Amino acid sequence: MKNKIPAPAELIDSRYAFWRLVVSLCAMLMGSSCMFAVAVVLPEVQAEFGVSRSEASLPYTLMMIGFGVGGVFMGRIVDRWGVTVSLLIGSAGILIGFVWAGLSQSIFAFAIAHGLFLGLLGTSATFAPLVADTSLW
């Protein structure tokens with residue numbers, strides 16, 4: 001495991017640090033949008049799949065569980081290979097998750113897309129690792 005040390009003094013408050021912060025903010029914005037997507041469309045999900053409100057909330061619940069568990073694994077990935085690998089995994093997870101959710105024919109497939117891809121691989125890779133990385137700057 002790498003030792004995390006702060007950025008060199010000459011890089012603090014530099015253009016590089018500023019642009020790194022901007023990129024991190026944009027990645028967190030895109031990654032965190034997964035958390036709110038299903039909450040915004042909850043009535044439509046309920047109507048589309050013909051399920052109760054509690055069943056329509058299952059995708060959000062699984063996504064939050066995936067987000068929590070995935071944060072631990074993404075932290076280990078960042079420690080071992082760096083934040084870029086985490087962002088690549090997160091980007092692929094978000095892409096696959098939203099496509100799978102859009103093509104889902106059942107609430108269970110919709111929930112798995114949210115829990116596994118959007119939560120475990122997507123949001124978890126773009127939030128906690130970037131907060132930790134940015135705090136070193």
# chains A, B, ... in the order shown; residues from 1 in each chain; ligands from 1
call {"tool": "closest_atom_pairs", "arguments": {"of": "region 118-137 of chain A", "to": "region 10-29 of chain A", "cutoff": "7 Å", "atoms": "only C-alpha atoms", "output": "tab-separated table"}}
result
residue	atom	partner	partner_atom	distance
A:Thr126	CA	A:Met28	CA	5.3
A:Phe127	CA	A:Met28	CA	5.4
A:Leu130	CA	A:Ser24	CA	6.0
A:Thr134	CA	A:Leu21	CA	6.6
A:Trp137	CA	A:Ile12	CA	6.2
call {"tool": "closest_residue", "arguments": {"among": "A:Ile112, A:Ile5, A:Leu88, A:Ile94", "to": "Gly31 (chain A)", "atoms": "only C-alpha atoms"}}
result
A:Ile94
call {"tool": "closest_residue", "arguments": {"among": "A:Pro8, A:Glu48, A:Met30, A:Val69", "to": "Leu116 (chain A)", "atoms": "only C-alpha atoms"}}
result
A:Val69
call {"tool": "residues_around", "arguments": {"residues": "Ala39 (chain A)", "least_positions_apart": "6", "cutoff": "12 Å", "atoms": "only C-alpha atoms", "output": "number ranges by chain"}}
result
A: 33, 45-46, 53, 56-61, 63-64, 114
call {"tool": "atom_distance", "arguments": {"atom1": "CA of Ile65 (chain A)", "atom2": "CA of Gly119 (chain A)"}}
result
7.3 Å
call {"tool": "decode", "arguments": {"residues": "region 90-106 of chain A", "atoms": "N, CA and C atoms", "output": "PDB file, in the first residue's frame"}}
result
ATOM      1  N   GLY A  90     -15.294   3.397 -12.756  1.00  0.00           N
ATOM      2  CA  GLY A  90     -16.537   4.117 -12.496  1.00  0.00           C
ATOM      3  C   GLY A  90     -17.244   4.537 -13.774  1.00  0.00           C
ATOM      4  N   SER A  91     -16.490   5.004 -14.748  1.00  0.00           N
ATOM      5  CA  SER A  91     -17.083   5.415 -16.027  1.00  0.00           C
ATOM      6  C   SER A  91     -17.742   4.236 -16.730  1.00  0.00           C
ATOM      7  N   ALA A  92     -17.055   3.101 -16.748  1.00  0.00           N
ATOM      8  CA  ALA A  92     -17.628   1.902 -17.375  1.00  0.00           C
ATOM      9  C   ALA A  92     -18.861   1.429 -16.605  1.00  0.00           C
ATOM     10  N   GLY A  93     -18.792   1.468 -15.270  1.00  0.00           N
ATOM     11  CA  GLY A  93     -19.926   1.051 -14.457  1.00  0.00           C
ATOM     12  C   GLY A  93     -21.153   1.917 -14.680  1.00  0.00           C
ATOM     13  N   ILE A  94     -20.947   3.226 -14.757  1.00  0.00           N
ATOM     14  CA  ILE A  94     -22.062   4.140 -14.988  1.00  0.00           C
ATOM     15  C   ILE A  94     -22.659   3.936 -16.382  1.00  0.00           C
ATOM     16  N   LEU A  95     -21.815   3.789 -17.373  1.00  0.00           N
ATOM     17  CA  LEU A  95     -22.298   3.557 -18.736  1.00  0.00           C
ATOM     18  C   LEU A  95     -23.118   2.273 -18.817  1.00  0.00           C
ATOM     19  N   ILE A  96     -22.550   1.181 -18.340  1.00  0.00           N
ATOM     20  CA  ILE A  96     -23.246  -0.105 -18.393  1.00  0.00           C
ATOM     21  C   ILE A  96     -24.527  -0.054 -17.557  1.00  0.00           C
ATOM     22  N   GLY A  97     -24.440   0.554 -16.377  1.00  0.00           N
ATOM     23  CA  GLY A  97     -25.596   0.614 -15.484  1.00  0.00           C
ATOM     24  C   GLY A  97     -26.772   1.370 -16.065  1.00  0.00           C
ATOM     25  N   PHE A  98     -26.520   2.539 -16.640  1.00  0.00           N
ATOM     26  CA  PHE A  98     -27.628   3.310 -17.209  1.00  0.00           C
ATOM     27  C   PHE A  98     -28.208   2.641 -18.451  1.00  0.00           C
ATOM     28  N   VAL A  99     -27.348   2.040 -19.272  1.00  0.00           N
ATOM     29  CA  VAL A  99     -27.855   1.332 -20.454  1.00  0.00           C
ATOM     30  C   VAL A  99     -28.689   0.125 -20.022  1.00  0.00           C
ATOM     31  N   TRP A 100     -28.168  -0.656 -19.076  1.00  0.00           N
ATOM     32  CA  TRP A 100     -28.886  -1.828 -18.589  1.00  0.00           C
ATOM     33  C   TRP A 100     -30.211  -1.419 -17.943  1.00  0.00           C
ATOM     34  N   ALA A 101     -30.179  -0.372 -17.126  1.00  0.00           N
ATOM     35  CA  ALA A 101     -31.421   0.095 -16.486  1.00  0.00           C
ATOM     36  C   ALA A 101     -32.446   0.528 -17.537  1.00  0.00           C
ATOM     37  N   GLY A 102     -31.984   1.196 -18.579  1.00  0.00           N
ATOM     38  CA  GLY A 102     -32.889   1.644 -19.636  1.00  0.00           C
ATOM     39  C   GLY A 102     -33.496   0.512 -20.434  1.00  0.00           C
ATOM     40  N   LEU A 103     -32.801  -0.601 -20.520  1.00  0.00           N
ATOM     41  CA  LEU A 103     -33.286  -1.750 -21.286  1.00  0.00           C
ATOM     42  C   LEU A 103     -33.978  -2.802 -20.420  1.00  0.00           C
ATOM     43  N   SER A 104     -34.051  -2.579 -19.124  1.00  0.00           N
ATOM     44  CA  SER A 104     -34.609  -3.569 -18.197  1.00  0.00           C
ATOM     45  C   SER A 104     -36.084  -3.829 -18.465  1.00  0.00           C
ATOM     46  N   GLN A 105     -36.446  -5.097 -18.392  1.00  0.00           N
ATOM     47  CA  GLN A 105     -37.838  -5.504 -18.578  1.00  0.00           C
ATOM     48  C   GLN A 105     -38.521  -5.843 -17.257  1.00  0.00           C
ATOM     49  N   SER A 106     -37.752  -5.890 -16.162  1.00  0.00           N
ATOM     50  CA  SER A 106     -38.338  -6.205 -14.855  1.00  0.00           C
ATOM     51  C   SER A 106     -37.716  -5.309 -13.796  1.00  0.00           C
TER      52      SER A 106
END
